[in-house]
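K.L.:
Here it is: the structure, laid out below.
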Amino acid sequence: MGAVVADDGPSGVKAPDGGWGWAVLFGCFIITGFSYAFPKAVSVFFKELIREFGIGYSDTAWISSILLAMLYGTGPLCSVCVNRFGCRPVMLVGGLFASMGMVIASFCTSIVQIYLTAGVITGLGLALNFQPSLIMLNRYFDKRRPLANGLSAAGSPVFLCALSPLGQILQHEYGWRGGFLILGGMLLNCCVCGALMRPLEPPKKPEATKEPVEKKAKKKLLDFSVFKDGGFVIYTLAASIMVLGLFVPPVFVVSYAKDLGYQDTKAAFLLTILGFIDIFARPICGMVAGLKWVRPRCVYLFSFAMIFNGFTDLMGSMSVDYGGLVVFCIFFGISYGMVGALQFEVLMAIVGTQKFSSAIGLVLLAEAMAVLIGPPSAGKLLDLTRRYMFVFIIAGIEVTTSALVLALGNFFCIKKKTQEPHTKEAEAEREELNKSEDKIPEDAKVDSIEVEQFLKDEPEKNGEVVTNPETCV
């Protein structure tokens, strides 16, 4: 965590940092937007569902909770699928699942059926798109990766600002059934984004050195060795604590304004302010994180973003009028955008490309538990105290604590270690390669003069985009 891991790709491919990578970034932007904004946008239809099925608001709120739980909790499953089949096939199937869930939900006759369709099936589909898109973005970008992460993360506030008004229009014109059907059709665009995720392959190399590496890479579908990395363990712990309080203020800020006596439209405008600031905060933070001096220390920038967010929650608890809540939403939008732009960039820097597909699945699983606990526990605290101040204070303390865990853990437990273990690992890998070369039959060996000439002809060539039958549908 004290330094950035060099990402060479799972098969030794150097990231192009451009070219088709911009198309991959566009697809990741759309997938991120759908994944994070869709569970919130569905809440527009809750009143219609309450009226038709004769249920309470808490019953309909489970739809969004199940969507988020599937998005986070199926992380290891997504990692196994990606490591087994590749990113593109998984995303194409995920797009079909996401669309199918909403289309079937439009014909449901009970709330339980909607839980299974719009909640479980659509949530699984979004999860099968979200995680592979981040993995592909990590493979296509290295030097410009912080900027790419910031731009892709901006999809969340952009889609939130677009899907909520669209949902209201669809509900007014076609009812909740027609709205679900049209949204299901829109989710088919996830398949288009999946088609953009072309696999990378390195330049052709002598088969004698290529075969042993391929056989070794296909063994693990879910790499639990990431838990041996102290940086990953600290990051997972800090991220789990952070998620407990990170999503609480956006959920309760509108109700806070209504409790102060302001109109519904004026209270809802607070989320628009927050989302608008968030749109610009994420790419700008990505640009800052990509600076030469900042990037090796991005873990500390991430810690600062969390402290900033927690401090904003603490200050927001003192708001007594609409102006105070507007100021809170402005600063919360900045800090929330910084956290969103940096969270996966820091994880990529910790584990590198080869283990990222497994690491992100395990991190999302740990965060899923916190996502389910955070907002409901804040709601219970509100029911007991009847004061929003305590809800915001608890959220601020949780986020600030996570920042201290990450920063102090990195400084004292990780950064102090010498680089000797890394050099020993490198020497061990070299010895294994030498042994594997010794085992190669003489007729398969390549003349050293030919190898030198090959390397001179194509020095440090970027990976080329190819159509691979194993990773394409």
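Going through the structure tokens in order, the chains are called A, B, and so on, while each chain numbers its residues from 1 and the ligands are numbered from 1 in the order shown.
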Go through segment 340-410 of chain A and flag each residue having an atom no more than 10 Å from segment 136-157 of chain A; for those, report the closest pair of atoms plus their distance in Å to one decimal, using only C-alpha atoms, ordered by chain and rising number, as a tab-separated table.
P.N.:
residue	atom	partner	partner_atom	distance
A:Gly340	CA	A:Ala153	CA	6.3
A:Ala341	CA	A:Gly150	CA	4.5
A:Leu342	CA	A:Gly150	CA	7.3
A:Gln343	CA	A:Asn149	CA	9.2
A:Phe344	CA	A:Asn149	CA	7.5
A:Glu345	CA	A:Pro146	CA	6.2
A:Val346	CA	A:Pro146	CA	9.1
A:Met348	CA	A:Asn138	CA	7.3
A:Ala349	CA	A:Arg145	CA	9.9
A:Gly352	CA	A:Asn138	CA	8.8
A:Thr353	CA	A:Asn138	CA	6.7
A:Gln354	CA	A:Arg139	CA	9.3
A:Phe356	CA	A:Asn138	CA	8.5
A:Ser357	CA	A:Met136	CA	9.5
K.L.:
Could you write those residues out with N, CA, C and O atoms, as a compact mmCIF listing (two decimals), in the first residue's frame?
P.N.:
# COMPACT_ATOMS: atom_id res chain seq x y z
N GLY A 340 -15.57 7.97 -3.96
CA GLY A 340 -15.99 7.12 -5.08
C GLY A 340 -14.93 6.97 -6.15
O GLY A 340 -14.78 5.91 -6.76
N ALA A 341 -14.16 8.04 -6.39
CA ALA A 341 -13.12 8.00 -7.42
C ALA A 341 -11.90 7.22 -6.99
O ALA A 341 -11.17 6.67 -7.83
N LEU A 342 -11.64 7.14 -5.68
CA LEU A 342 -10.38 6.57 -5.19
C LEU A 342 -10.50 5.15 -4.64
O LEU A 342 -9.49 4.45 -4.54
N GLN A 343 -11.70 4.70 -4.29
CA GLN A 343 -11.80 3.43 -3.56
C GLN A 343 -11.26 2.25 -4.36
O GLN A 343 -10.51 1.42 -3.82
N PHE A 344 -11.58 2.16 -5.64
CA PHE A 344 -11.08 1.03 -6.43
C PHE A 344 -9.68 1.29 -6.97
O PHE A 344 -8.94 0.34 -7.23
N GLU A 345 -9.32 2.55 -7.15
CA GLU A 345 -7.95 2.87 -7.55
C GLU A 345 -6.96 2.42 -6.49
O GLU A 345 -5.91 1.85 -6.80
N VAL A 346 -7.28 2.65 -5.22
CA VAL A 346 -6.40 2.22 -4.13
C VAL A 346 -6.31 0.70 -4.07
O VAL A 346 -5.23 0.13 -3.87
N MET A 348 -6.68 -1.38 -6.56
CA MET A 348 -5.86 -1.80 -7.69
C MET A 348 -4.38 -1.61 -7.39
O MET A 348 -3.54 -2.44 -7.76
N ALA A 349 -4.05 -0.50 -6.72
CA ALA A 349 -2.66 -0.23 -6.39
C ALA A 349 -2.11 -1.21 -5.36
O ALA A 349 -0.92 -1.52 -5.35
N GLY A 352 -2.60 -5.19 -7.49
CA GLY A 352 -2.15 -5.36 -8.86
C GLY A 352 -3.20 -6.03 -9.73
O GLY A 352 -4.27 -6.42 -9.27
N THR A 353 -2.87 -6.17 -11.02
CA THR A 353 -3.83 -6.69 -11.99
C THR A 353 -4.15 -8.16 -11.79
O THR A 353 -5.30 -8.58 -11.88
N GLN A 354 -3.15 -8.97 -11.52
CA GLN A 354 -3.34 -10.41 -11.49
C GLN A 354 -4.32 -10.86 -10.41
O GLN A 354 -5.11 -11.78 -10.63
N PHE A 356 -6.54 -8.72 -8.84
CA PHE A 356 -7.63 -7.77 -8.64
C PHE A 356 -8.99 -8.41 -8.81
O PHE A 356 -9.93 -8.09 -8.08
N SER A 357 -9.13 -9.34 -9.77
CA SER A 357 -10.43 -9.97 -9.99
C SER A 357 -10.91 -10.73 -8.76
O SER A 357 -12.11 -10.76 -8.46
K.L.:
Produce a table with one row for each residue of segment 210-312 of chain A that has an atom at most 12 Å from any atom of segment 378-399 of chain A, each row naming the nearest atom pair and its distance in Å at one decimal; use only C-alpha atoms; arrange rows by chain and rising residue number; format as JSON lines.
P.N.:
{"residue": "A:Leu237", "atom": "CA", "partner": "A:Val399", "partner_atom": "CA", "distance": 11.9}
{"residue": "A:Ala238", "atom": "CA", "partner": "A:Val399", "partner_atom": "CA", "distance": 8.8}
{"residue": "A:Ala239", "atom": "CA", "partner": "A:Val399", "partner_atom": "CA", "distance": 9.0}
{"residue": "A:Ser240", "atom": "CA", "partner": "A:Val399", "partner_atom": "CA", "distance": 9.7}
{"residue": "A:Ile241", "atom": "CA", "partner": "A:Glu398", "partner_atom": "CA", "distance": 6.2}
{"residue": "A:Met242", "atom": "CA", "partner": "A:Val399", "partner_atom": "CA", "distance": 4.6}
{"residue": "A:Val243", "atom": "CA", "partner": "A:Val399", "partner_atom": "CA", "distance": 7.6}
{"residue": "A:Leu244", "atom": "CA", "partner": "A:Glu398", "partner_atom": "CA", "distance": 6.7}
{"residue": "A:Gly245", "atom": "CA", "partner": "A:Ala395", "partner_atom": "CA", "distance": 4.1}
{"residue": "A:Leu246", "atom": "CA", "partner": "A:Val399", "partner_atom": "CA", "distance": 6.5}
{"residue": "A:Phe247", "atom": "CA", "partner": "A:Ala395", "partner_atom": "CA", "distance": 8.6}
{"residue": "A:Val248", "atom": "CA", "partner": "A:Ala395", "partner_atom": "CA", "distance": 6.6}
{"residue": "A:Pro249", "atom": "CA", "partner": "A:Phe392", "partner_atom": "CA", "distance": 6.5}
{"residue": "A:Pro250", "atom": "CA", "partner": "A:Phe392", "partner_atom": "CA", "distance": 10.3}
{"residue": "A:Val251", "atom": "CA", "partner": "A:Gly379", "partner_atom": "CA", "distance": 9.8}
{"residue": "A:Phe252", "atom": "CA", "partner": "A:Tyr388", "partner_atom": "CA", "distance": 8.0}
{"residue": "A:Val253", "atom": "CA", "partner": "A:Tyr388", "partner_atom": "CA", "distance": 8.8}
{"residue": "A:Val254", "atom": "CA", "partner": "A:Tyr388", "partner_atom": "CA", "distance": 11.0}
{"residue": "A:Ser255", "atom": "CA", "partner": "A:Tyr388", "partner_atom": "CA", "distance": 8.9}
{"residue": "A:Tyr256", "atom": "CA", "partner": "A:Tyr388", "partner_atom": "CA", "distance": 6.5}
{"residue": "A:Ala257", "atom": "CA", "partner": "A:Tyr388", "partner_atom": "CA", "distance": 10.0}
{"residue": "A:Lys258", "atom": "CA", "partner": "A:Tyr388", "partner_atom": "CA", "distance": 11.3}
{"residue": "A:Asp259", "atom": "CA", "partner": "A:Tyr388", "partner_atom": "CA", "distance": 9.0}
{"residue": "A:Leu260", "atom": "CA", "partner": "A:Tyr388", "partner_atom": "CA", "distance": 10.3}
{"residue": "A:Phe302", "atom": "CA", "partner": "A:Val399", "partner_atom": "CA", "distance": 11.7}
{"residue": "A:Ser303", "atom": "CA", "partner": "A:Val399", "partner_atom": "CA", "distance": 9.7}
{"residue": "A:Phe304", "atom": "CA", "partner": "A:Val399", "partner_atom": "CA", "distance": 10.8}
{"residue": "A:Ala305", "atom": "CA", "partner": "A:Val399", "partner_atom": "CA", "distance": 9.8}
{"residue": "A:Met306", "atom": "CA", "partner": "A:Val399", "partner_atom": "CA", "distance": 6.0}
{"residue": "A:Ile307", "atom": "CA", "partner": "A:Val399", "partner_atom": "CA", "distance": 6.9}
{"residue": "A:Phe308", "atom": "CA", "partner": "A:Val399", "partner_atom": "CA", "distance": 9.1}
{"residue": "A:Asn309", "atom": "CA", "partner": "A:Val399", "partner_atom": "CA", "distance": 7.1}
{"residue": "A:Gly310", "atom": "CA", "partner": "A:Gly396", "partner_atom": "CA", "distance": 3.9}
{"residue": "A:Phe311", "atom": "CA", "partner": "A:Gly396", "partner_atom": "CA", "distance": 6.2}
{"residue": "A:Thr312", "atom": "CA", "partner": "A:Gly396", "partner_atom": "CA", "distance": 7.3}
K.L.:
Rank A:Asp278, A:Asp321, A:Asp223, A:Asp264 by their smallest atom-to-atom distance to Ala359 of chain A, using only C-alpha atoms, and report the top residue only.
P.N.:
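Distance minimum relative to Ala359 of chain A lands on A:Asp223.
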K.L.:
I need the residues in segment 31-198 of chain A that are alpha helix (DSSP H) according to DSSP; give them as a ChimeraX atom specification.
P.N.:
/A:31-41,46-53,57-73,75-85,87-105,111-114,122-140,145-153,155-186,189-195
K.L.:
Quick one, how far is atom CA of Thr109 of chain A from atom CA of Cys190 of chain A?
P.N.:
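If I compute the distance from atom CA of Thr109 of chain A to atom CA of Cys190 of chain A, I get 27.0 Å.
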K.L.:
Do you know which residues are at most 9 Å from Gly184 of chain A counting only C-alpha atoms, after dropping those on the same chain fewer than 5 positions away, and could you put them as a list in words?
P.N.:
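Everything that qualifies: Ala98, Ser99, Met100, Gly101, Met102, Val103, Ile104, Thr122 and Gly179 of chain A.
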K.L.:
Got time to write the residues from that selection, C-alpha atoms, as a compact mmCIF listing (two decimals), in the first residue's frame?
P.N.:
# COMPACT_ATOMS: atom_id res chain seq x y z
CA ALA A 98 -30.56 -7.54 -15.49
CA SER A 99 -33.03 -6.90 -18.32
CA MET A 100 -34.95 -10.16 -17.81
CA GLY A 101 -35.47 -9.43 -14.11
CA MET A 102 -37.18 -6.08 -14.74
CA VAL A 103 -39.25 -7.39 -17.68
CA ILE A 104 -40.58 -10.33 -15.64
CA THR A 122 -31.68 -7.87 -11.77
CA GLY A 179 -42.00 1.71 -16.34
K.L.:
Fewer than 5 positions away in the same chain doesn't count, so skip those; otherwise give me all residues within 8 Å of Trp176 of chain A, counting only C-alpha atoms, as a VMD selection string.
P.N.:
chain A and resid 45 48 to 49 106 170 to 171
K.L.:
I want to know what sits within 6 Å of segment 27-40 of chain A, based on only C-alpha atoms, with residues of the same chain fewer than 3 positions away left out; could you give that as a ChimeraX atom specification?
P.N.:
/A:24,43,64,126,130,133,152,155-156,159-160,193
K.L.:
I'd like the neighbourhood of segment 50-53 of chain A as a list in words, where a residue qualifies if any of its atoms comes within 12 Å (using only C-alpha atoms), though same-chain residues fewer than 3 positions away should be ignored.
P.N.:
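Using only C-alpha atoms, the neighbours found are Ser43, Val44, Phe45, Phe46, Lys47, Gly56, Tyr57, Ser58, Asp59, Thr60, Ala61, Cys108, Thr109, Ser110, Ile111, Val112, Gln113, Ile114, Gly175, Trp176 and Arg177 of chain A.
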K.L.:
Please measure the separation of atom CA of Ser358 of chain A and atom CA of Leu222 of chain A, giving the value in Å to one decimal.
P.N.:
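Atom-to-atom, atom CA of Ser358 of chain A and atom CA of Leu222 of chain A are spaced 5.5 Å apart.
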K.L.:
Using only C-alpha atoms, which of the listed residues (A:Trp293, A:Phe331, A:Trp22, A:Phe232) sits closest to Leu347 of chain A?
P.N.:
A:Phe232
K.L.:
For Ala366 of chain A, which residue among A:Pro165, A:Pro76, A:Gly18, A:Gly86 is the nearest when counting only C-alpha atoms?
P.N.:
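Going through A:Pro165, A:Pro76, A:Gly18, A:Gly86 one by one, the smallest distance to Ala366 of chain A is for A:Pro76.
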K.L.:
How many Å separate atom CA of Tyr262 of chain A from atom CA of Met338 of chain A?
P.N.:
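Between these atoms lies a distance of 29.3 Å.
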K.L.:
Report as a list in words all protein, DNA and RNA residues lying within 10 Å of Gly73 of chain A, evaluated on only C-alpha atoms, omitting residues in the same chain fewer than 5 positions from it.
P.N.:
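The neighbour list is Ile66, Leu67, Leu68, Cys78, Gly123, Leu124, Ala127, Gly361, Leu362, Val363, Leu364, Leu365, Ala366, Glu367, Ala368, Met369 and Val371 of chain A.
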K.L.:
Could you take the residues named above and write them with N, CA and C atoms, as a PDB file, in the first residue's frame?
P.N.:
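See out.pdb below for the written result:
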ATOM      1  N   ILE A  66     -32.254  -5.440  -1.501  1.00  0.00           N
ATOM      2  CA  ILE A  66     -31.868  -6.694  -2.147  1.00  0.00           C
ATOM      3  C   ILE A  66     -30.972  -6.421  -3.354  1.00  0.00           C
ATOM      4  N   LEU A  67     -31.285  -5.380  -4.117  1.00  0.00           N
ATOM      5  CA  LEU A  67     -30.449  -5.008  -5.262  1.00  0.00           C
ATOM      6  C   LEU A  67     -29.016  -4.730  -4.826  1.00  0.00           C
ATOM      7  N   LEU A  68     -28.864  -3.921  -3.770  1.00  0.00           N
ATOM      8  CA  LEU A  68     -27.519  -3.588  -3.280  1.00  0.00           C
ATOM      9  C   LEU A  68     -26.831  -4.808  -2.679  1.00  0.00           C
ATOM     10  N   CYS A  78     -18.849 -13.597  -8.879  1.00  0.00           N
ATOM     11  CA  CYS A  78     -18.423 -12.885 -10.081  1.00  0.00           C
ATOM     12  C   CYS A  78     -16.941 -13.122 -10.358  1.00  0.00           C
ATOM     13  N   GLY A 123     -30.436  -7.703  -9.679  1.00  0.00           N
ATOM     14  CA  GLY A 123     -29.239  -7.421  -8.878  1.00  0.00           C
ATOM     15  C   GLY A 123     -28.067  -8.293  -9.274  1.00  0.00           C
ATOM     16  N   LEU A 124     -28.334  -9.579  -9.536  1.00  0.00           N
ATOM     17  CA  LEU A 124     -27.273 -10.482  -9.986  1.00  0.00           C
ATOM     18  C   LEU A 124     -26.740 -10.048 -11.345  1.00  0.00           C
ATOM     19  N   ALA A 127     -24.487  -7.096 -10.918  1.00  0.00           N
ATOM     20  CA  ALA A 127     -23.220  -7.508 -10.313  1.00  0.00           C
ATOM     21  C   ALA A 127     -22.307  -8.159 -11.342  1.00  0.00           C
ATOM     22  N   GLY A 361     -13.884  -9.069  -5.521  1.00  0.00           N
ATOM     23  CA  GLY A 361     -15.013  -9.900  -5.118  1.00  0.00           C
ATOM     24  C   GLY A 361     -15.065 -10.104  -3.615  1.00  0.00           C
ATOM     25  N   LEU A 362     -13.916 -10.337  -3.002  1.00  0.00           N
ATOM     26  CA  LEU A 362     -13.863 -10.550  -1.554  1.00  0.00           C
ATOM     27  C   LEU A 362     -14.149  -9.252  -0.793  1.00  0.00           C
ATOM     28  N   VAL A 363     -13.678  -8.127  -1.319  1.00  0.00           N
ATOM     29  CA  VAL A 363     -13.942  -6.834  -0.672  1.00  0.00           C
ATOM     30  C   VAL A 363     -15.431  -6.507  -0.729  1.00  0.00           C
ATOM     31  N   LEU A 364     -16.051  -6.699  -1.889  1.00  0.00           N
ATOM     32  CA  LEU A 364     -17.482  -6.422  -2.024  1.00  0.00           C
ATOM     33  C   LEU A 364     -18.322  -7.315  -1.112  1.00  0.00           C
ATOM     34  N   LEU A 365     -17.894  -8.565  -0.918  1.00  0.00           N
ATOM     35  CA  LEU A 365     -18.612  -9.454   0.000  1.00  0.00           C
ATOM     36  C   LEU A 365     -18.555  -8.925   1.430  1.00  0.00           C
ATOM     37  N   ALA A 366     -17.378  -8.448   1.849  1.00  0.00           N
ATOM     38  CA  ALA A 366     -17.246  -7.882   3.192  1.00  0.00           C
ATOM     39  C   ALA A 366     -18.084  -6.609   3.328  1.00  0.00           C
ATOM     40  N   GLU A 367     -18.136  -5.801   2.264  1.00  0.00           N
ATOM     41  CA  GLU A 367     -18.913  -4.559   2.320  1.00  0.00           C
ATOM     42  C   GLU A 367     -20.415  -4.832   2.297  1.00  0.00           C
ATOM     43  N   ALA A 368     -20.822  -5.966   1.714  1.00  0.00           N
ATOM     44  CA  ALA A 368     -22.250  -6.285   1.628  1.00  0.00           C
ATOM     45  C   ALA A 368     -22.883  -6.376   3.011  1.00  0.00           C
ATOM     46  N   MET A 369     -22.166  -6.973   3.938  1.00  0.00           N
ATOM     47  CA  MET A 369     -22.688  -7.083   5.305  1.00  0.00           C
ATOM     48  C   MET A 369     -22.880  -5.707   5.934  1.00  0.00           C
ATOM     49  N   VAL A 371     -23.345  -2.872   4.278  1.00  0.00           N
ATOM     50  CA  VAL A 371     -24.405  -2.163   3.564  1.00  0.00           C
ATOM     51  C   VAL A 371     -25.770  -2.515   4.130  1.00  0.00           C
TER      52      VAL A 371
END
